[in-house]
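Here's the structure, in structure tokens; my notes come after.
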Amino acid sequence: MKGFEAPAFGASPLRIVHDLAPVPERKAKLLAERRLPRGTVDVTWLSDADAYEMNAQGALETLDVARIPSLGSVNEKFRLPYLVPCIYGGVVILYNPAKIPEPPTSFTDLWNPKYAGRVGLMDQIYFNYIYAAALSHGGSMGDVGKAFPALLDMKKAVQPRLYPSHQALAAAFKDEEIWISANYSARAVQWEVEGLPIRWSYPREGAVFVSFGAGIPKRARNIDGAYKYLDAMLQPKPMGAIAEATSYSVVTGNAELAPDVRKRLELTPEQIAKLNFVDYPYAAKSDPKWVEWWNKEFKA
């Protein structure tokens with residue numbers, strides 16, 4: 001976040017100290033510090049799903065929007081009462097244009113037998129494949145029952161290759177071990193810039209939405225500083241810098257971006273209108289069953 005922290009706070013008495021621990025450790029700290037008179041974290045960066053979990057467990061403040069004047073520049077579709085969103089994207093279709101000249105148009109292309117042995121999936125984002133299967137086979141984000149037989153059909157039809165990380169999936173694309181996948185739009189943008197044989201296409205079912213942003217823990221010490229940080233983040237120049245650094249789209253309409261960068265990163269209004277948003281309570285209740293099914297049935 002150097003793109004906005006240094007310009008915004010370089011002359012300020014505020015001193016920004018980063019905790020770069022993995023997400024599970026940072027969430028554990030937030031939960032543990034709920035019981036303290038004062039915590040050690042004033043601003044926490046989280047995904048939309050992690051923020052829902054932390055808020056449901058009483059670890060995040062409900063934000064006072066009057067203290068974030070720039071919040072008005074944020075697309076209303078992306079706002080949450082406990083998180084200031086910053087960047088967003090969607091799970092889309094990634095493909096090798098040399099092997100698949102016609103851009104895929106649907107998540108169902110992952111089931112196409114002509115790509116047998118060339119479909120790659122990333123184990124860690126199993127839930128997104130469940131959503132993609134549901135959306136493309138008559139289900140919804142709030143009812144994924146049809147995803148499970150569909151994914152077993154995929155397993156039979158194309159024998160998808162499973163990879164443990166984004167890096168491993170990228171390497172498989174580079175080596176042309178796989179030709180098609182579904183993953184976050186930002187990964188496709190990043191990998192294409194890095195020279196991998198990848199393009200992305202927007203599925204007719206709509207992409208599965210993901211966002212990241214910042215919230216204030218319940219036991220934050222410096223509430224004033226936290227709100228100043230959140231408002232500074234949303235200014236046009238910082239948002240442009242964050243977009244370029246992450247390869248994600250930004251939630252504001254006034255970010256300072258060069259035209260070519262904006263074209264590469266931003267979703268169109270039509271694509272934004274078709275985004276599929278996670279039903280957080282349903283997902284939180286269902287995920288233990290989903291991961292068990294994925295490990296025992298799909299991966300077996």
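Labeling convention for the structure tokens: chains A, B, ... as they appear, residues from 1 per chain, ligands from 1 in order of appearance.
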
Report the closest atom pair, with its distance in Å rounded to one decimal, for each residue of region 23-108 of chain A that has an atom no farther than 10 Å from region 259-267 of chain A; count only C-alpha atoms, sort by chain and then rising residue number, and write it as a Markdown table.
| residue | atom | partner | partner_atom | distance |
| --- | --- | --- | --- | --- |
| A:Tyr88 | CA | A:Glu266 | CA | 9.5 |
| A:Gly89 | CA | A:Leu267 | CA | 8.0 |
| A:Gly90 | CA | A:Leu267 | CA | 9.2 |

Practice task
Would you list the contacts of region 67-69 of chain A as a PyMOL selection string, taking every protein, DNA or RNA residue within 12 Å and counting only C-alpha atoms, but skipping same-chain residues closer than 3 positions in sequence?
Solution key: chain A and resi 62-64+72-74+83-84+215+223-235

Do a neighbour search on Tyr280 (chain A) at 9 Å with only C-alpha atoms, toss out local chain neighbours closer than 4 positions, and write the hits as a compact mmCIF listing (two decimals) with N, CA and C atoms, in the first residue's frame.
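Result went into out_36.txt, see below:
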# COMPACT_ATOMS: atom_id res chain seq x y z
N ALA A 49 -15.33 -12.12 2.23
CA ALA A 49 -15.76 -13.30 2.98
C ALA A 49 -15.17 -13.31 4.39
N TYR A 52 -16.93 -10.71 6.52
CA TYR A 52 -18.23 -11.19 7.00
C TYR A 52 -18.04 -12.07 8.24
N GLU A 53 -17.08 -12.98 8.17
CA GLU A 53 -16.83 -13.89 9.29
C GLU A 53 -16.43 -13.11 10.54
N GLY A 142 -27.18 -19.02 -3.84
CA GLY A 142 -27.82 -19.38 -2.59
C GLY A 142 -28.34 -20.80 -2.56
N ALA A 284 -21.23 -19.50 4.89
CA ALA A 284 -20.62 -19.79 6.18
C ALA A 284 -21.19 -21.07 6.80
N LYS A 285 -22.48 -21.27 6.65
CA LYS A 285 -23.13 -22.45 7.19
C LYS A 285 -22.75 -23.71 6.40

Give one line per residue of region 191-228 of chain A that approaches region 128-135 of chain A to at most 12 Å, naming the two atoms of the closest pair and their distance in Å to one decimal, counting only C-alpha atoms; sort by chain then ascending residue number and deliver it as CSV.
residue,atom,partner,partner_atom,distance
A:Pro203,CA,A:Ala132,CA,9.5
A:Arg204,CA,A:Leu135,CA,9.8
A:Glu205,CA,A:Leu135,CA,6.2
A:Gly206,CA,A:Leu135,CA,8.4
A:Ala207,CA,A:Ala132,CA,8.3
A:Val208,CA,A:Asn128,CA,7.2
A:Phe209,CA,A:Asn128,CA,9.6
A:Val210,CA,A:Asn128,CA,10.0

Generate the output file for the selected residues, all heavy atoms, as an mmCIF file, in the first residue's frame.
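To be explicit, this is the file written out as again07.cif:
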data_model
loop_
_atom_site.group_PDB
_atom_site.id
_atom_site.type_symbol
_atom_site.label_atom_id
_atom_site.label_comp_id
_atom_site.auth_asym_id
_atom_site.auth_seq_id
_atom_site.Cartn_x
_atom_site.Cartn_y
_atom_site.Cartn_z
ATOM 1 N N PRO A 203 -17.795 -15.041 -18.357
ATOM 2 C CA PRO A 203 -18.815 -16.073 -18.620
ATOM 3 C C PRO A 203 -20.219 -15.475 -18.703
ATOM 4 O O PRO A 203 -20.530 -14.500 -18.013
ATOM 5 C CB PRO A 203 -18.689 -17.003 -17.410
ATOM 6 C CG PRO A 203 -18.156 -16.121 -16.325
ATOM 7 C CD PRO A 203 -17.242 -15.139 -16.996
ATOM 8 N N ARG A 204 -21.038 -16.071 -19.544
ATOM 9 C CA ARG A 204 -22.400 -15.552 -19.692
ATOM 10 C C ARG A 204 -23.201 -15.681 -18.400
ATOM 11 O O ARG A 204 -24.191 -14.962 -18.196
ATOM 12 C CB ARG A 204 -23.124 -16.259 -20.837
ATOM 13 C CG ARG A 204 -23.327 -17.746 -20.672
ATOM 14 C CD ARG A 204 -24.262 -18.304 -21.751
ATOM 15 N NE ARG A 204 -24.389 -19.748 -21.677
ATOM 16 C CZ ARG A 204 -23.796 -20.597 -22.495
ATOM 17 N NH1 ARG A 204 -23.020 -20.157 -23.467
ATOM 18 N NH2 ARG A 204 -23.962 -21.902 -22.348
ATOM 19 N N GLU A 205 -22.807 -16.591 -17.512
ATOM 20 C CA GLU A 205 -23.481 -16.733 -16.219
ATOM 21 C C GLU A 205 -23.168 -15.568 -15.281
ATOM 22 O O GLU A 205 -23.842 -15.374 -14.268
ATOM 23 C CB GLU A 205 -23.053 -18.034 -15.520
ATOM 24 C CG GLU A 205 -23.387 -19.299 -16.279
ATOM 25 C CD GLU A 205 -22.313 -19.700 -17.275
ATOM 26 O OE1 GLU A 205 -21.277 -18.992 -17.378
ATOM 27 O OE2 GLU A 205 -22.494 -20.718 -17.958
ATOM 28 N N GLY A 206 -22.139 -14.793 -15.615
ATOM 29 C CA GLY A 206 -21.648 -13.745 -14.726
ATOM 30 C C GLY A 206 -20.515 -14.265 -13.867
ATOM 31 O O GLY A 206 -20.474 -15.441 -13.504
ATOM 32 N N ALA A 207 -19.571 -13.394 -13.557
ATOM 33 C CA ALA A 207 -18.429 -13.788 -12.725
ATOM 34 C C ALA A 207 -18.843 -13.894 -11.266
ATOM 35 O O ALA A 207 -19.825 -13.284 -10.829
ATOM 36 C CB ALA A 207 -17.310 -12.760 -12.868
ATOM 37 N N VAL A 208 -18.082 -14.678 -10.510
ATOM 38 C CA VAL A 208 -18.295 -14.789 -9.061
ATOM 39 C C VAL A 208 -17.493 -13.672 -8.397
ATOM 40 O O VAL A 208 -16.271 -13.608 -8.514
ATOM 41 C CB VAL A 208 -17.843 -16.156 -8.529
ATOM 42 C CG1 VAL A 208 -18.043 -16.230 -7.012
ATOM 43 C CG2 VAL A 208 -18.610 -17.279 -9.222
ATOM 44 N N PHE A 209 -18.177 -12.795 -7.706
ATOM 45 C CA PHE A 209 -17.587 -11.579 -7.145
ATOM 46 C C PHE A 209 -16.641 -11.868 -5.989
ATOM 47 O O PHE A 209 -16.886 -12.737 -5.155
ATOM 48 C CB PHE A 209 -18.714 -10.665 -6.658
ATOM 49 C CG PHE A 209 -18.263 -9.405 -5.987
ATOM 50 C CD1 PHE A 209 -17.834 -8.313 -6.722
ATOM 51 C CD2 PHE A 209 -18.281 -9.303 -4.590
ATOM 52 C CE1 PHE A 209 -17.439 -7.143 -6.101
ATOM 53 C CE2 PHE A 209 -17.887 -8.126 -3.962
ATOM 54 C CZ PHE A 209 -17.457 -7.055 -4.723
ATOM 55 N N VAL A 210 -15.552 -11.099 -5.933
ATOM 56 C CA VAL A 210 -14.657 -11.090 -4.772
ATOM 57 C C VAL A 210 -14.171 -9.666 -4.574
ATOM 58 O O VAL A 210 -13.958 -8.927 -5.556
ATOM 59 C CB VAL A 210 -13.460 -12.056 -4.964
ATOM 60 C CG1 VAL A 210 -12.608 -11.635 -6.154
ATOM 61 C CG2 VAL A 210 -12.604 -12.141 -3.700
#

Problem - DSSP alpha helix (DSSP H) selection over region 101-272 of chain A, as a count of residues only - result: 74

Handout entry: Spatial neighbours of Tyr282 (chain A), max dist 10 Å, only C-alpha atoms, sep filter under 3 positions, as a PyMOL selection string
Key = chain A and resi 141-144+278-279+285-287

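Residue nearest Ser211 (chain A), chosen from A:Ser165, A:Ser185, A:Ser12, A:Ser47 and counting only C-alpha atoms: A:Ser47.
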
Practice task
With a distance cut-off of 12 Å and only C-alpha atoms, select the neighbouring residues of Ile242 (chain A), excluding the residue or stretch itself and same-chain residues fewer than 4 positions from it, and output the selection as an NGL selection string.
Solution key: :A and (1-5 or 86-88 or 212-213 or 233-238 or 246-252 or 255-257 or 265)

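Pairwise distance (CA of Gln124 (chain A), CA of Gly240 (chain A)) equals 28.8 Å.
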
Practice task
Can you list, as a ChimeraX atom specification, all residues belonging to region 85-300 of chain A that DSSP tags as strand (DSSP E or B)?
Solution key: /A:85-95,119-122,140,143,161-163,180-184,199-201,208-215,217,249-250,252,276

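Nearest residue to Gln190 (chain A), choosing from A:Leu94, A:Glu102, A:Ala220, A:Ala147 and counting only C-alpha atoms: A:Leu94.
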